[in-house]
$ cat model-v1.pdb   # PDB, C-alpha atoms
ATOM      1  CA  MET A 739     -40.539  67.094 165.848
ATOM      2  CA  GLY A 740     -38.891  66.018 169.045
ATOM      3  CA  GLU A 741     -39.710  64.671 172.454
ATOM      4  CA  GLY A 742     -40.738  68.190 173.515
ATOM      5  CA  ARG A 743     -44.122  67.711 171.817
ATOM      6  CA  LEU A 744     -44.748  64.215 173.212
ATOM      7  CA  ILE A 745     -47.823  63.470 175.322
ATOM      8  CA  LEU A 746     -47.976  60.132 177.154
ATOM      9  CA  VAL A 747     -51.418  58.987 178.244
ATOM     10  CA  ASP A 748     -51.621  56.066 180.677
ATOM     11  CA  THR A 749     -54.691  53.969 179.854
ATOM     12  CA  ASP A 750     -55.188  53.472 183.599
ATOM     13  CA  MET A 751     -56.487  57.064 183.676
ATOM     14  CA  PHE A 752     -59.605  56.150 181.662
ATOM     15  CA  GLY A 753     -61.204  54.440 184.660
ATOM     16  CA  ARG A 754     -60.370  57.112 187.201
ATOM     17  CA  THR A 755     -62.655  59.830 188.512
ATOM     18  CA  ALA A 756     -63.426  62.903 186.439
ATOM     19  CA  ALA A 757     -61.490  65.003 188.963
ATOM     20  CA  ASP A 758     -58.406  62.782 188.614
ATOM     21  CA  LYS A 759     -58.557  62.897 184.820
ATOM     22  CA  THR A 760     -59.021  66.667 184.820
ATOM     23  CA  ALA A 761     -56.082  67.156 187.177
ATOM     24  CA  GLU A 762     -53.825  64.980 185.008
ATOM     25  CA  ALA A 763     -54.919  66.683 181.767
ATOM     26  CA  ASN A 764     -54.404  70.134 183.287
ATOM     27  CA  GLU A 765     -50.918  69.138 184.443
ATOM     28  CA  VAL A 766     -50.062  67.986 180.920
ATOM     29  CA  ALA A 767     -51.488  71.183 179.405
ATOM     30  CA  LYS A 768     -49.501  73.361 181.804
ATOM     31  CA  ARG A 769     -46.285  71.573 180.768
ATOM     32  CA  PHE A 770     -46.927  73.039 177.318
ATOM     33  CA  GLY A 771     -47.395  76.562 178.667
ATOM     34  CA  ILE A 772     -51.185  76.578 178.787
ATOM     35  CA  GLY A 773     -52.451  78.829 181.553
ATOM     36  CA  ASP A 774     -55.411  78.942 183.897
ATOM     37  CA  GLN A 775     -57.410  81.252 181.619
ATOM     38  CA  ALA A 776     -57.286  78.692 178.798
ATOM     39  CA  LEU A 777     -58.232  75.905 181.221
ATOM     40  CA  ALA A 778     -61.257  77.968 182.274
ATOM     41  CA  GLY A 779     -62.141  78.268 178.576
ATOM     42  CA  VAL A 780     -62.185  74.475 178.390
ATOM     43  CA  GLU A 781     -64.799  74.390 181.133
ATOM     44  CA  GLN A 782     -66.896  76.978 179.288
ATOM     45  CA  TYR A 783     -66.775  75.001 176.048
ATOM     46  CA  LYS A 784     -67.657  71.780 177.902
ATOM     47  CA  ALA A 785     -70.677  73.566 179.385
ATOM     48  CA  GLU A 786     -71.784  74.587 175.877
ATOM     49  CA  LEU A 787     -71.453  70.996 174.654
ATOM     50  CA  THR A 788     -73.696  69.920 177.512
ATOM     51  CA  ARG A 789     -76.173  72.778 177.013
ATOM     52  CA  HIS A 790     -76.571  71.910 173.324
ATOM     53  CA  ASP A 791     -76.518  68.118 173.883
ATOM     54  CA  ALA A 792     -73.544  67.896 171.533
ATOM     55  CA  TRP A 793     -71.211  65.460 173.279
ATOM     56  CA  ASP A 794     -71.837  62.758 170.673
ATOM     57  CA  LEU A 795     -70.785  64.993 167.791
ATOM     58  CA  PRO A 796     -67.310  65.214 166.219
ATOM     59  CA  PHE A 797     -66.664  68.633 167.774
ATOM     60  CA  MET A 798     -62.964  68.610 166.835
ATOM     61  CA  GLY A 799     -63.850  67.606 163.270
ATOM     62  CA  TYR A 800     -62.800  63.951 163.308
ATOM     63  CA  VAL A 801     -65.052  60.900 163.264
ATOM     64  CA  ASN A 802     -64.580  57.150 162.918
ATOM     65  CA  GLU A 803     -66.028  56.044 159.584
ATOM     66  CA  ASP A 804     -67.233  52.612 160.783
ATOM     67  CA  GLY A 805     -64.107  50.577 160.248
ATOM     68  CA  TYR A 806     -62.628  52.734 157.498
ATOM     69  CA  GLY A 807     -60.547  54.846 159.845
ATOM     70  CA  TYR A 808     -60.919  58.401 160.985
ATOM     71  CA  ALA A 809     -62.038  61.112 158.622
ATOM     72  CA  PHE A 810     -62.182  64.884 158.877
ATOM     73  CA  VAL A 811     -65.875  65.821 158.738
ATOM     74  CA  PRO A 812     -66.356  69.285 160.244
ATOM     75  CA  ASP A 813     -69.871  69.580 158.853
ATOM     76  CA  HIS A 814     -71.119  66.690 161.033
ATOM     77  CA  ALA A 815     -71.001  68.601 164.317
ATOM     78  CA  VAL A 816     -74.296  70.493 164.246
ATOM     79  CA  SER A 817     -76.566  69.803 167.210
ATOM     80  CA  ARG A 818     -80.337  69.442 167.039
ATOM     81  CA  SER A 819     -80.614  73.018 168.283
ATOM     82  CA  GLY A 820     -78.585  74.179 165.278
ATOM     83  CA  TRP A 821     -75.457  74.977 167.293
ATOM     84  CA  ASP A 822     -72.303  74.085 165.375
ATOM     85  CA  ALA A 823     -69.938  72.480 167.893
ATOM     86  CA  TYR A 824     -67.053  72.382 165.404
ATOM     87  CA  ARG A 825     -67.341  76.083 164.526
ATOM     88  CA  ALA A 826     -67.599  76.915 168.214
ATOM     89  CA  PHE A 827     -64.461  74.832 168.849
ATOM     90  CA  ARG A 828     -62.591  76.621 166.038
ATOM     91  CA  ALA A 829     -63.692  79.998 167.399
ATOM     92  CA  LEU A 830     -61.899  79.252 170.677
ATOM     93  CA  PRO A 831     -58.402  80.670 171.149
ATOM     94  CA  HIS A 832     -55.779  78.155 170.024
ATOM     95  CA  ASP A 833     -54.525  77.492 173.559
ATOM     96  CA  VAL A 834     -58.084  76.615 174.640
ATOM     97  CA  GLN A 835     -58.421  74.258 171.659
ATOM     98  CA  VAL A 836     -55.182  72.503 172.586
ATOM     99  CA  ALA A 837     -56.126  72.337 176.282
ATOM    100  CA  PHE A 838     -59.550  70.916 175.399
ATOM    101  CA  ALA A 839     -58.014  68.288 173.114
ATOM    102  CA  ILE A 840     -55.533  67.313 175.831
ATOM    103  CA  ARG A 841     -58.456  66.965 178.244
ATOM    104  CA  MET A 842     -60.245  64.671 175.783
ATOM    105  CA  LEU A 843     -57.197  62.366 175.645
ATOM    106  CA  PHE A 844     -58.065  61.290 179.179
ATOM    107  CA  THR A 845     -61.794  60.707 178.697
ATOM    108  CA  HIS A 846     -63.493  57.319 178.881
ATOM    109  CA  ARG A 847     -64.878  57.703 175.349
ATOM    110  CA  ASP A 848     -62.774  56.279 172.503
ATOM    111  CA  VAL A 849     -64.271  58.655 169.929
ATOM    112  CA  ASP A 850     -63.193  61.713 171.918
ATOM    113  CA  ARG A 851     -59.716  60.334 172.658
ATOM    114  CA  TYR A 852     -58.953  59.507 169.069
ATOM    115  CA  GLY A 853     -60.499  62.703 167.699
ATOM    116  CA  ALA A 854     -58.264  64.614 170.112
ATOM    117  CA  ASN A 855     -55.279  62.548 169.047
ATOM    118  CA  MET A 856     -55.940  63.371 165.391
ATOM    119  CA  PHE A 857     -56.372  67.088 166.106
ATOM    120  CA  LEU A 858     -53.243  67.301 168.249
ATOM    121  CA  HIS A 859     -51.161  65.282 165.783
ATOM    122  CA  TYR A 860     -52.232  66.719 162.445
ATOM    123  CA  GLU A 861     -53.035  70.273 163.424
ATOM    124  CA  CYS A 862     -50.715  71.000 166.332
ATOM    125  CA  GLY A 863     -47.659  68.792 165.762
ATOM    126  CA  PHE A 864     -47.956  66.728 168.941
ATOM    127  CA  ILE A 865     -47.072  63.067 169.236
ATOM    128  CA  VAL A 866     -49.550  61.231 171.454
ATOM    129  CA  ARG A 867     -48.674  57.829 172.854
ATOM    130  CA  PHE A 868     -51.096  55.719 174.848
ATOM    131  CA  VAL A 869     -49.307  53.416 177.276
ATOM    132  CA  GLY A 870     -50.638  50.586 179.419
ATOM    133  CA  ASP A 871     -53.239  47.857 179.022
ATOM    134  CA  GLY A 872     -55.057  48.125 175.703
ATOM    135  CA  ALA A 873     -52.833  50.935 174.440
ATOM    136  CA  ASN A 874     -53.300  51.694 170.784
ATOM    137  CA  SER A 875     -50.906  54.171 169.194
ATOM    138  CA  TRP A 876     -49.903  54.878 165.637
TER     139      TRP A 876
END

$ encode --input "model-v1.pdb" --output "structure tokens"
Amino acid sequence: MGEGRLILVDTDMFGRTAADKTAEANEVAKRFGIGDQALAGVEQYKAELTRHDAWDLPFMGYVNEDGYGYAFVPDHAVSRSGWDAYRAFRALPHDVQVAFAIRMLFTHRDVDRYGANMFLHYECGFIVRFVGDGANSW
């Protein structure tokens, strides 16, 4: 695995506007050949997360086990309405999954950033490095 699969995320982005974060994430995704159709799929999936009140679920399958590290728990992503956010994520085309995970690297929520990091690292072969104040990389 070389530098070609490296994603650098500046921690300064976490405090920026949603539009700034989206623009940066889309630029990163496009560097990896992800097109506008996949980016539109990200917006559709985000709308479903909102519609089903599922933003607090481990929709990429990873969750922090209260100090024990991150674990893969795909069965913990079912919303109150019964919608399975993880299954919906896995049903997306792979390029949409990758684009969505890249987008989550730039969010203000630690759980989404690190879940995305785990997905991109273990399932897609990316190396994610957070740089800047408070950066935490492994």

$ resolve_selection --input "model-v1.pdb" --expression "the PyMOL selection byres ((chain A and resi 770-776) around 9)" --output "list of chain:residue names"
A:Gly742, A:Arg743, A:Asn764, A:Val766, A:Ala767, A:Lys768, A:Arg769, A:Leu777, A:Ala778, A:Gly779, A:Val780, A:Glu781, A:Pro831, A:His832, A:Asp833, A:Val834, A:Gln835, A:Val836, A:Ala837, A:Phe838

$ resolve_selection --input "model-v1.pdb" --expression "the PyMOL selection byres ((chain A and resi 844) around 9)" --output "PyMOL selection string"
chain A and resi 747-749+751-752+759-760+762-763+840-843+845-847+850-851

$ closest_residue --input "model-v1.pdb" --among "A:Arg754, A:Glu765, A:Asp848, A:Met798" --to "A:Arg825" --atoms "only C-alpha atoms"
A:Met798

$ atom_distance --input "model-v1.pdb" --atom1 "atom CA of A:Ala839" --atom2 "atom CA of A:Thr755"
18.2 Å

$ atom_distance --input "model-v1.pdb" --atom1 "atom CA of A:Pro812" --atom2 "atom CA of A:Ala757"
29.4 Å

$ decode --input "model-v1.pdb" --residues "stretch 823-867 of chain A" --atoms "N, CA and C atoms" --output "PDB file, in the first residue's frame"
ATOM      1  N   ALA A 823     -29.639   1.005   8.944  1.00  0.00           N
ATOM      2  CA  ALA A 823     -28.715   1.955   8.315  1.00  0.00           C
ATOM      3  C   ALA A 823     -27.469   1.259   7.776  1.00  0.00           C
ATOM      4  N   TYR A 824     -27.005   0.219   8.456  1.00  0.00           N
ATOM      5  CA  TYR A 824     -25.829  -0.513   7.984  1.00  0.00           C
ATOM      6  C   TYR A 824     -26.150  -1.267   6.691  1.00  0.00           C
ATOM      7  N   ARG A 825     -27.270  -1.961   6.663  1.00  0.00           N
ATOM      8  CA  ARG A 825     -27.643  -2.693   5.433  1.00  0.00           C
ATOM      9  C   ARG A 825     -27.863  -1.728   4.274  1.00  0.00           C
ATOM     10  N   ALA A 826     -28.460  -0.584   4.570  1.00  0.00           N
ATOM     11  CA  ALA A 826     -28.665   0.421   3.531  1.00  0.00           C
ATOM     12  C   ALA A 826     -27.318   0.938   3.029  1.00  0.00           C
ATOM     13  N   PHE A 827     -26.367   1.135   3.945  1.00  0.00           N
ATOM     14  CA  PHE A 827     -25.021   1.567   3.556  1.00  0.00           C
ATOM     15  C   PHE A 827     -24.382   0.515   2.656  1.00  0.00           C
ATOM     16  N   ARG A 828     -24.460  -0.747   3.054  1.00  0.00           N
ATOM     17  CA  ARG A 828     -23.844  -1.835   2.275  1.00  0.00           C
ATOM     18  C   ARG A 828     -24.526  -2.056   0.932  1.00  0.00           C
ATOM     19  N   ALA A 829     -25.772  -1.631   0.809  1.00  0.00           N
ATOM     20  CA  ALA A 829     -26.489  -1.766  -0.458  1.00  0.00           C
ATOM     21  C   ALA A 829     -26.080  -0.687  -1.468  1.00  0.00           C
ATOM     22  N   LEU A 830     -25.405   0.350  -0.977  1.00  0.00           N
ATOM     23  CA  LEU A 830     -24.937   1.416  -1.868  1.00  0.00           C
ATOM     24  C   LEU A 830     -23.830   0.883  -2.768  1.00  0.00           C
ATOM     25  N   PRO A 831     -23.692   1.427  -3.972  1.00  0.00           N
ATOM     26  CA  PRO A 831     -22.526   1.072  -4.787  1.00  0.00           C
ATOM     27  C   PRO A 831     -21.237   1.395  -4.022  1.00  0.00           C
ATOM     28  N   HIS A 832     -20.197   0.635  -4.286  1.00  0.00           N
ATOM     29  CA  HIS A 832     -18.945   0.790  -3.535  1.00  0.00           C
ATOM     30  C   HIS A 832     -18.393   2.217  -3.604  1.00  0.00           C
ATOM     31  N   ASP A 833     -18.477   2.861  -4.766  1.00  0.00           N
ATOM     32  CA  ASP A 833     -17.938   4.216  -4.859  1.00  0.00           C
ATOM     33  C   ASP A 833     -18.724   5.191  -3.988  1.00  0.00           C
ATOM     34  N   VAL A 834     -20.024   4.948  -3.803  1.00  0.00           N
ATOM     35  CA  VAL A 834     -20.824   5.797  -2.916  1.00  0.00           C
ATOM     36  C   VAL A 834     -20.422   5.538  -1.464  1.00  0.00           C
ATOM     37  N   GLN A 835     -20.189   4.269  -1.111  1.00  0.00           N
ATOM     38  CA  GLN A 835     -19.728   3.951   0.237  1.00  0.00           C
ATOM     39  C   GLN A 835     -18.422   4.679   0.551  1.00  0.00           C
ATOM     40  N   VAL A 836     -17.478   4.597  -0.368  1.00  0.00           N
ATOM     41  CA  VAL A 836     -16.175   5.237  -0.156  1.00  0.00           C
ATOM     42  C   VAL A 836     -16.344   6.755  -0.065  1.00  0.00           C
ATOM     43  N   ALA A 837     -17.136   7.335  -0.960  1.00  0.00           N
ATOM     44  CA  ALA A 837     -17.359   8.782  -0.937  1.00  0.00           C
ATOM     45  C   ALA A 837     -18.028   9.213   0.367  1.00  0.00           C
ATOM     46  N   PHE A 838     -18.989   8.424   0.840  1.00  0.00           N
ATOM     47  CA  PHE A 838     -19.657   8.742   2.101  1.00  0.00           C
ATOM     48  C   PHE A 838     -18.663   8.677   3.264  1.00  0.00           C
ATOM     49  N   ALA A 839     -17.848   7.637   3.296  1.00  0.00           N
ATOM     50  CA  ALA A 839     -16.858   7.507   4.365  1.00  0.00           C
ATOM     51  C   ALA A 839     -15.868   8.671   4.332  1.00  0.00           C
ATOM     52  N   ILE A 840     -15.430   9.052   3.149  1.00  0.00           N
ATOM     53  CA  ILE A 840     -14.530  10.208   3.032  1.00  0.00           C
ATOM     54  C   ILE A 840     -15.225  11.453   3.581  1.00  0.00           C
ATOM     55  N   ARG A 841     -16.501  11.625   3.256  1.00  0.00           N
ATOM     56  CA  ARG A 841     -17.241  12.776   3.771  1.00  0.00           C
ATOM     57  C   ARG A 841     -17.263  12.760   5.298  1.00  0.00           C
ATOM     58  N   MET A 842     -17.440  11.592   5.889  1.00  0.00           N
ATOM     59  CA  MET A 842     -17.519  11.490   7.346  1.00  0.00           C
ATOM     60  C   MET A 842     -16.182  11.771   8.024  1.00  0.00           C
ATOM     61  N   LEU A 843     -15.074  11.663   7.299  1.00  0.00           N
ATOM     62  CA  LEU A 843     -13.768  12.010   7.874  1.00  0.00           C
ATOM     63  C   LEU A 843     -13.701  13.478   8.268  1.00  0.00           C
ATOM     64  N   PHE A 844     -14.512  14.305   7.647  1.00  0.00           N
ATOM     65  CA  PHE A 844     -14.458  15.742   7.855  1.00  0.00           C
ATOM     66  C   PHE A 844     -15.557  16.258   8.785  1.00  0.00           C
ATOM     67  N   THR A 845     -16.353  15.363   9.352  1.00  0.00           N
ATOM     68  CA  THR A 845     -17.448  15.781  10.208  1.00  0.00           C
ATOM     69  C   THR A 845     -16.943  16.234  11.575  1.00  0.00           C
ATOM     70  N   HIS A 846     -17.808  16.883  12.320  1.00  0.00           N
ATOM     71  CA  HIS A 846     -17.458  17.342  13.666  1.00  0.00           C
ATOM     72  C   HIS A 846     -17.612  16.233  14.697  1.00  0.00           C
ATOM     73  N   ARG A 847     -18.170  15.108  14.322  1.00  0.00           N
ATOM     74  CA  ARG A 847     -18.455  14.032  15.275  1.00  0.00           C
ATOM     75  C   ARG A 847     -17.350  12.979  15.256  1.00  0.00           C
ATOM     76  N   ASP A 848     -16.700  12.783  16.404  1.00  0.00           N
ATOM     77  CA  ASP A 848     -15.627  11.787  16.507  1.00  0.00           C
ATOM     78  C   ASP A 848     -16.077  10.404  16.070  1.00  0.00           C
ATOM     79  N   VAL A 849     -17.267   9.980  16.502  1.00  0.00           N
ATOM     80  CA  VAL A 849     -17.727   8.623  16.202  1.00  0.00           C
ATOM     81  C   VAL A 849     -17.814   8.400  14.696  1.00  0.00           C
ATOM     82  N   ASP A 850     -18.268   9.385  13.952  1.00  0.00           N
ATOM     83  CA  ASP A 850     -18.368   9.237  12.502  1.00  0.00           C
ATOM     84  C   ASP A 850     -16.996   9.258  11.847  1.00  0.00           C
ATOM     85  N   ARG A 851     -16.112  10.129  12.323  1.00  0.00           N
ATOM     86  CA  ARG A 851     -14.751  10.191  11.763  1.00  0.00           C
ATOM     87  C   ARG A 851     -14.026   8.872  11.946  1.00  0.00           C
ATOM     88  N   TYR A 852     -14.058   8.341  13.140  1.00  0.00           N
ATOM     89  CA  TYR A 852     -13.295   7.131  13.394  1.00  0.00           C
ATOM     90  C   TYR A 852     -13.950   5.896  12.801  1.00  0.00           C
ATOM     91  N   GLY A 853     -15.269   5.868  12.718  1.00  0.00           N
ATOM     92  CA  GLY A 853     -15.942   4.775  12.007  1.00  0.00           C
ATOM     93  C   GLY A 853     -15.558   4.795  10.535  1.00  0.00           C
ATOM     94  N   ALA A 854     -15.503   5.985   9.958  1.00  0.00           N
ATOM     95  CA  ALA A 854     -15.091   6.129   8.555  1.00  0.00           C
ATOM     96  C   ALA A 854     -13.645   5.700   8.369  1.00  0.00           C
ATOM     97  N   ASN A 855     -12.805   6.090   9.309  1.00  0.00           N
ATOM     98  CA  ASN A 855     -11.397   5.709   9.256  1.00  0.00           C
ATOM     99  C   ASN A 855     -11.266   4.188   9.258  1.00  0.00           C
ATOM    100  N   MET A 856     -11.988   3.531  10.138  1.00  0.00           N
ATOM    101  CA  MET A 856     -11.936   2.068  10.223  1.00  0.00           C
ATOM    102  C   MET A 856     -12.412   1.435   8.914  1.00  0.00           C
ATOM    103  N   PHE A 857     -13.534   1.899   8.394  1.00  0.00           N
ATOM    104  CA  PHE A 857     -14.066   1.364   7.144  1.00  0.00           C
ATOM    105  C   PHE A 857     -13.061   1.549   6.012  1.00  0.00           C
ATOM    106  N   LEU A 858     -12.558   2.763   5.855  1.00  0.00           N
ATOM    107  CA  LEU A 858     -11.631   3.043   4.761  1.00  0.00           C
ATOM    108  C   LEU A 858     -10.334   2.246   4.897  1.00  0.00           C
ATOM    109  N   HIS A 859      -9.855   2.102   6.112  1.00  0.00           N
ATOM    110  CA  HIS A 859      -8.600   1.374   6.347  1.00  0.00           C
ATOM    111  C   HIS A 859      -8.777  -0.128   6.142  1.00  0.00           C
ATOM    112  N   TYR A 860      -9.695  -0.719   6.878  1.00  0.00           N
ATOM    113  CA  TYR A 860      -9.813  -2.174   6.887  1.00  0.00           C
ATOM    114  C   TYR A 860     -10.530  -2.752   5.678  1.00  0.00           C
ATOM    115  N   GLU A 861     -11.437  -1.984   5.098  1.00  0.00           N
ATOM    116  CA  GLU A 861     -12.229  -2.546   4.013  1.00  0.00           C
ATOM    117  C   GLU A 861     -11.871  -2.011   2.632  1.00  0.00           C
ATOM    118  N   CYS A 862     -11.134  -0.907   2.601  1.00  0.00           N
ATOM    119  CA  CYS A 862     -10.829  -0.296   1.303  1.00  0.00           C
ATOM    120  C   CYS A 862      -9.335  -0.074   1.073  1.00  0.00           C
ATOM    121  N   GLY A 863      -8.509  -0.331   2.074  1.00  0.00           N
ATOM    122  CA  GLY A 863      -7.064  -0.212   1.907  1.00  0.00           C
ATOM    123  C   GLY A 863      -6.506   1.192   1.929  1.00  0.00           C
ATOM    124  N   PHE A 864      -7.265   2.149   2.459  1.00  0.00           N
ATOM    125  CA  PHE A 864      -6.765   3.522   2.558  1.00  0.00           C
ATOM    126  C   PHE A 864      -5.981   3.705   3.848  1.00  0.00           C
ATOM    127  N   ILE A 865      -5.063   4.647   3.819  1.00  0.00           N
ATOM    128  CA  ILE A 865      -4.375   5.106   5.017  1.00  0.00           C
ATOM    129  C   ILE A 865      -4.895   6.508   5.280  1.00  0.00           C
ATOM    130  N   VAL A 866      -5.464   6.713   6.455  1.00  0.00           N
ATOM    131  CA  VAL A 866      -6.001   8.021   6.830  1.00  0.00           C
ATOM    132  C   VAL A 866      -5.102   8.602   7.908  1.00  0.00           C
ATOM    133  N   ARG A 867      -4.677   9.826   7.700  1.00  0.00           N
ATOM    134  CA  ARG A 867      -3.859  10.529   8.680  1.00  0.00           C
ATOM    135  C   ARG A 867      -4.538  11.852   9.007  1.00  0.00           C
TER     136      ARG A 867
END
